[in-house]
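Pasting data15.cif here (mmCIF, C-alpha atoms):
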data_structure
loop_
_atom_site.group_PDB
_atom_site.id
_atom_site.type_symbol
_atom_site.label_atom_id
_atom_site.label_comp_id
_atom_site.auth_asym_id
_atom_site.auth_seq_id
_atom_site.Cartn_x
_atom_site.Cartn_y
_atom_site.Cartn_z
ATOM 1 C CA MET A 1 -30.160 -25.556 11.474
ATOM 2 C CA ASP A 2 -28.046 -25.727 14.616
ATOM 3 C CA ILE A 3 -25.099 -23.330 14.637
ATOM 4 C CA LYS A 4 -22.861 -22.774 17.639
ATOM 5 C CA ILE A 5 -20.692 -19.700 17.946
ATOM 6 C CA GLY A 6 -17.885 -19.859 20.450
ATOM 7 C CA PRO A 7 -14.149 -19.715 20.917
ATOM 8 C CA HIS A 8 -12.169 -22.037 18.701
ATOM 9 C CA LYS A 9 -10.081 -24.781 20.266
ATOM 10 C CA LYS A 10 -7.243 -26.336 18.275
ATOM 11 C CA GLY A 11 -8.515 -29.426 16.492
ATOM 12 C CA ASP A 12 -12.130 -28.252 16.349
ATOM 13 C CA ALA A 13 -13.909 -28.075 13.033
ATOM 14 C CA GLY A 14 -15.355 -24.725 12.091
ATOM 15 C CA ILE A 15 -15.898 -21.981 9.579
ATOM 16 C CA LEU A 16 -13.416 -19.142 9.129
ATOM 17 C CA CYS A 17 -15.024 -15.945 7.814
ATOM 18 C CA MET A 18 -13.288 -14.065 5.024
ATOM 19 C CA PRO A 19 -14.451 -10.448 4.661
ATOM 20 C CA LEU A 20 -16.239 -9.549 1.443
ATOM 21 C CA VAL A 21 -14.465 -7.197 -0.959
ATOM 22 C CA SER A 22 -17.830 -5.520 -1.582
ATOM 23 C CA ASN A 23 -17.978 -4.561 2.123
ATOM 24 C CA LEU A 24 -14.327 -3.493 2.381
ATOM 25 C CA PRO A 25 -13.236 -2.491 -1.134
ATOM 26 C CA ASP A 26 -9.995 -0.764 -0.079
ATOM 27 C CA ALA A 27 -8.947 -3.081 2.764
ATOM 28 C CA ASP A 28 -5.626 -3.888 1.122
ATOM 29 C CA LYS A 29 -4.612 -0.229 1.445
ATOM 30 C CA LYS A 30 -4.951 -0.446 5.236
ATOM 31 C CA HIS A 31 -3.834 -4.081 5.634
ATOM 32 C CA SER A 32 -0.767 -4.828 3.522
ATOM 33 C CA ASP A 33 -1.058 -8.613 4.006
ATOM 34 C CA TRP A 34 -4.650 -8.848 2.700
ATOM 35 C CA ARG A 35 -5.117 -10.139 -0.844
ATOM 36 C CA LYS A 36 -8.153 -10.905 -2.929
ATOM 37 C CA THR A 37 -9.398 -14.447 -3.327
ATOM 38 C CA THR A 38 -12.721 -16.084 -4.100
ATOM 39 C CA CYS A 39 -15.007 -17.968 -1.761
ATOM 40 C CA PRO A 40 -14.792 -21.713 -2.469
ATOM 41 C CA ALA A 41 -18.534 -22.063 -1.869
ATOM 42 C CA CYS A 42 -19.990 -19.223 -3.971
ATOM 43 C CA ASP A 43 -17.074 -17.661 -5.939
ATOM 44 C CA THR A 44 -17.692 -14.216 -4.437
ATOM 45 C CA GLU A 45 -14.601 -12.032 -4.166
ATOM 46 C CA CYS A 46 -13.323 -11.792 -0.592
ATOM 47 C CA TRP A 47 -10.160 -11.060 1.379
ATOM 48 C CA VAL A 48 -7.664 -13.519 2.836
ATOM 49 C CA SER A 49 -4.881 -12.432 5.190
ATOM 50 C CA ASN A 50 -1.701 -14.044 6.443
ATOM 51 C CA ALA A 51 -3.559 -14.903 9.669
ATOM 52 C CA HIS A 52 -6.303 -16.641 7.659
ATOM 53 C CA GLN A 53 -3.675 -18.566 5.717
ATOM 54 C CA LYS A 54 -1.930 -19.772 8.895
ATOM 55 C CA ILE A 55 -5.214 -21.057 10.307
ATOM 56 C CA ILE A 56 -6.171 -22.753 7.033
ATOM 57 C CA GLU A 57 -2.786 -24.503 6.870
ATOM 58 C CA SER A 58 -2.634 -25.567 10.531
ATOM 59 C CA GLU A 59 -6.292 -26.542 11.062
ATOM 60 C CA PRO A 60 -7.472 -28.986 8.362
ATOM 61 C CA LYS A 61 -10.996 -29.185 9.845
ATOM 62 C CA VAL A 62 -11.505 -25.417 9.536
ATOM 63 C CA LYS A 63 -13.009 -24.262 6.238
ATOM 64 C CA ALA A 64 -12.670 -20.675 5.045
ATOM 65 C CA VAL A 65 -15.647 -19.104 3.257
ATOM 66 C CA CYS A 66 -16.931 -15.576 2.709
ATOM 67 C CA THR A 67 -18.905 -13.906 5.460
ATOM 68 C CA MET A 68 -22.252 -14.472 3.705
ATOM 69 C CA CYS A 69 -21.669 -18.216 3.303
ATOM 70 C CA ALA A 70 -20.500 -18.432 6.934
ATOM 71 C CA LEU A 71 -23.689 -16.719 8.104
ATOM 72 C CA LYS A 72 -25.761 -19.117 6.015
ATOM 73 C CA GLY A 73 -23.910 -22.061 7.581
ATOM 74 C CA ILE A 74 -22.534 -23.319 4.268
ATOM 75 C CA LYS A 75 -20.572 -26.544 4.665
ATOM 76 C CA LEU A 76 -17.880 -27.574 2.210
#

Kindly transcribe the structure held in the file into structure tokens.
Amino acid sequence: MDIKIGPHKKGDAGILCMPLVSNLPDADKKHSDWRKTTCPACDTECWVSNAHQKIIESEPKVKAVCTMCALKGIKL
């Protein structure tokens, strides 16, 4: 498996990591814009923020998955 990690340039494809609820159970208390969602690859509960949502909407080649799926290189 060949995975490159580097700065994102607009128009690039890529994977956006969503933090796992199991790692940050009370994140919504510190970050008012974070809300629970599920990973589209594995259905694990994770967090999505307004910043995530903006990227998802403006970058169609970027796919958002939980941190574990991102580390595994899951492709949707």

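What the PyMOL selection byres ((chain A and resi 15) around 9) picks from this file is Ala13, Gly14, Leu16, Cys17, Lys61, Val62, Lys63, Ala64, Val65, Ala70, Gly73, Ile74 and Lys75 of chain A.
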
For the PyMOL selection byres ((chain A and resi 36-38) around 12), applied here, can you spell out every residue it catches as number ranges by chain? A: 18-22, 24-28, 31-35, 39-50, 52-53, 64-67, 69

Those residues with C-alpha atoms, as a CSV table (one decimal), in the frame of the given file please?
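This is the output file result21.csv:
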chain,number,residue,atom,x,y,z
A,18,MET,CA,-13.3,-14.1,5.0
A,19,PRO,CA,-14.5,-10.4,4.7
A,20,LEU,CA,-16.2,-9.5,1.4
A,21,VAL,CA,-14.5,-7.2,-1.0
A,22,SER,CA,-17.8,-5.5,-1.6
A,24,LEU,CA,-14.3,-3.5,2.4
A,25,PRO,CA,-13.2,-2.5,-1.1
A,26,ASP,CA,-10.0,-0.8,-0.1
A,27,ALA,CA,-8.9,-3.1,2.8
A,28,ASP,CA,-5.6,-3.9,1.1
A,31,HIS,CA,-3.8,-4.1,5.6
A,32,SER,CA,-0.8,-4.8,3.5
A,33,ASP,CA,-1.1,-8.6,4.0
A,34,TRP,CA,-4.6,-8.8,2.7
A,35,ARG,CA,-5.1,-10.1,-0.8
A,39,CYS,CA,-15.0,-18.0,-1.8
A,40,PRO,CA,-14.8,-21.7,-2.5
A,41,ALA,CA,-18.5,-22.1,-1.9
A,42,CYS,CA,-20.0,-19.2,-4.0
A,43,ASP,CA,-17.1,-17.7,-5.9
A,44,THR,CA,-17.7,-14.2,-4.4
A,45,GLU,CA,-14.6,-12.0,-4.2
A,46,CYS,CA,-13.3,-11.8,-0.6
A,47,TRP,CA,-10.2,-11.1,1.4
A,48,VAL,CA,-7.7,-13.5,2.8
A,49,SER,CA,-4.9,-12.4,5.2
A,50,ASN,CA,-1.7,-14.0,6.4
A,52,HIS,CA,-6.3,-16.6,7.7
A,53,GLN,CA,-3.7,-18.6,5.7
A,64,ALA,CA,-12.7,-20.7,5.0
A,65,VAL,CA,-15.6,-19.1,3.3
A,66,CYS,CA,-16.9,-15.6,2.7
A,67,THR,CA,-18.9,-13.9,5.5
A,69,CYS,CA,-21.7,-18.2,3.3

Name the residues within 9 Å of (-4.7, -27.9, 17.5), counting only C-alpha atoms in the file's coordinates, and put them as a ChimeraX atom specification. /A:9-12,58-59

Box for segment 9-27 of chain A - axis-aligned, 4 Å on each of the six sides, all listed atoms - centre and size in Å to one decimal, as JSON.
{"center_x": -12.6, "center_y": -15.1, "center_z": 9.3, "size_x": 18.7, "size_y": 36.7, "size_z": 29.8}

Regenerate segment 7-36 of chain A at the level of N, CA and C atoms and dump it as an mmCIF file, in the frame of the given file.
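Wrote rebuild-v6.cif, looks like this:
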data_model
loop_
_atom_site.group_PDB
_atom_site.id
_atom_site.type_symbol
_atom_site.label_atom_id
_atom_site.label_comp_id
_atom_site.auth_asym_id
_atom_site.auth_seq_id
_atom_site.Cartn_x
_atom_site.Cartn_y
_atom_site.Cartn_z
ATOM 1 N N PRO A 7 -15.587 -19.763 21.152
ATOM 2 C CA PRO A 7 -14.149 -19.715 20.917
ATOM 3 C C PRO A 7 -13.658 -21.012 20.282
ATOM 4 N N HIS A 8 -12.728 -20.878 19.401
ATOM 5 C CA HIS A 8 -12.169 -22.037 18.701
ATOM 6 C C HIS A 8 -11.101 -22.693 19.559
ATOM 7 N N LYS A 9 -11.129 -24.008 19.603
ATOM 8 C CA LYS A 9 -10.081 -24.781 20.266
ATOM 9 C C LYS A 9 -9.351 -25.565 19.183
ATOM 10 N N LYS A 10 -8.043 -25.631 19.282
ATOM 11 C CA LYS A 10 -7.243 -26.336 18.275
ATOM 12 C C LYS A 10 -7.791 -27.750 18.082
ATOM 13 N N GLY A 11 -7.976 -28.115 16.819
ATOM 14 C CA GLY A 11 -8.515 -29.426 16.492
ATOM 15 C C GLY A 11 -10.010 -29.431 16.226
ATOM 16 N N ASP A 12 -10.692 -28.359 16.629
ATOM 17 C CA ASP A 12 -12.130 -28.252 16.349
ATOM 18 C C ASP A 12 -12.362 -28.002 14.867
ATOM 19 N N ALA A 13 -13.476 -28.458 14.377
ATOM 20 C CA ALA A 13 -13.909 -28.075 13.033
ATOM 21 C C ALA A 13 -14.530 -26.684 13.149
ATOM 22 N N GLY A 14 -14.720 -26.028 12.042
ATOM 23 C CA GLY A 14 -15.355 -24.725 12.091
ATOM 24 C C GLY A 14 -15.285 -24.009 10.766
ATOM 25 N N ILE A 15 -15.862 -22.819 10.763
ATOM 26 C CA ILE A 15 -15.898 -21.981 9.579
ATOM 27 C C ILE A 15 -15.129 -20.701 9.877
ATOM 28 N N LEU A 16 -14.196 -20.365 9.019
ATOM 29 C CA LEU A 16 -13.416 -19.142 9.129
ATOM 30 C C LEU A 16 -14.006 -18.126 8.153
ATOM 31 N N CYS A 17 -14.402 -16.980 8.653
ATOM 32 C CA CYS A 17 -15.024 -15.945 7.814
ATOM 33 C C CYS A 17 -13.963 -15.110 7.111
ATOM 34 N N MET A 18 -14.138 -14.957 5.801
ATOM 35 C CA MET A 18 -13.288 -14.065 5.024
ATOM 36 C C MET A 18 -14.134 -12.853 4.639
ATOM 37 N N PRO A 19 -13.676 -11.644 4.963
ATOM 38 C CA PRO A 19 -14.451 -10.448 4.661
ATOM 39 C C PRO A 19 -14.703 -10.282 3.165
ATOM 40 N N LEU A 20 -15.866 -9.785 2.835
ATOM 41 C CA LEU A 20 -16.239 -9.549 1.443
ATOM 42 C C LEU A 20 -15.567 -8.289 0.904
ATOM 43 N N VAL A 21 -15.052 -8.365 -0.301
ATOM 44 C CA VAL A 21 -14.465 -7.197 -0.959
ATOM 45 C C VAL A 21 -15.531 -6.110 -1.130
ATOM 46 N N SER A 22 -16.759 -6.508 -1.398
ATOM 47 C CA SER A 22 -17.830 -5.520 -1.582
ATOM 48 C C SER A 22 -18.095 -4.716 -0.303
ATOM 49 N N ASN A 23 -17.801 -5.286 0.862
ATOM 50 C CA ASN A 23 -17.978 -4.561 2.123
ATOM 51 C C ASN A 23 -16.753 -3.722 2.485
ATOM 52 N N LEU A 24 -15.582 -4.171 2.068
ATOM 53 C CA LEU A 24 -14.327 -3.493 2.381
ATOM 54 C C LEU A 24 -13.481 -3.369 1.114
ATOM 55 N N PRO A 25 -13.900 -2.527 0.175
ATOM 56 C CA PRO A 25 -13.236 -2.491 -1.134
ATOM 57 C C PRO A 25 -11.763 -2.063 -1.098
ATOM 58 N N ASP A 26 -11.371 -1.267 -0.136
ATOM 59 C CA ASP A 26 -9.995 -0.764 -0.079
ATOM 60 C C ASP A 26 -9.208 -1.344 1.094
ATOM 61 N N ALA A 27 -9.587 -2.496 1.576
ATOM 62 C CA ALA A 27 -8.947 -3.081 2.764
ATOM 63 C C ALA A 27 -7.463 -3.317 2.574
ATOM 64 N N ASP A 28 -7.046 -3.624 1.363
ATOM 65 C CA ASP A 28 -5.626 -3.888 1.122
ATOM 66 C C ASP A 28 -4.758 -2.637 1.283
ATOM 67 N N LYS A 29 -5.368 -1.462 1.235
ATOM 68 C CA LYS A 29 -4.612 -0.229 1.445
ATOM 69 C C LYS A 29 -4.290 -0.039 2.929
ATOM 70 N N LYS A 30 -5.158 -0.554 3.796
ATOM 71 C CA LYS A 30 -4.951 -0.446 5.236
ATOM 72 C C LYS A 30 -4.202 -1.670 5.789
ATOM 73 N N HIS A 31 -4.435 -2.824 5.178
ATOM 74 C CA HIS A 31 -3.834 -4.081 5.634
ATOM 75 C C HIS A 31 -2.959 -4.646 4.512
ATOM 76 N N SER A 32 -1.664 -4.466 4.616
ATOM 77 C CA SER A 32 -0.767 -4.828 3.522
ATOM 78 C C SER A 32 -0.711 -6.337 3.249
ATOM 79 N N ASP A 33 -1.111 -7.161 4.215
ATOM 80 C CA ASP A 33 -1.058 -8.613 4.006
ATOM 81 C C ASP A 33 -2.363 -9.189 3.457
ATOM 82 N N TRP A 34 -3.379 -8.373 3.244
ATOM 83 C CA TRP A 34 -4.650 -8.848 2.700
ATOM 84 C C TRP A 34 -4.565 -8.917 1.181
ATOM 85 N N ARG A 35 -5.065 -10.012 0.617
ATOM 86 C CA ARG A 35 -5.117 -10.139 -0.844
ATOM 87 C C ARG A 35 -6.463 -10.746 -1.238
ATOM 88 N N LYS A 36 -6.856 -10.438 -2.442
ATOM 89 C CA LYS A 36 -8.153 -10.905 -2.929
ATOM 90 C C LYS A 36 -8.111 -12.386 -3.266
#
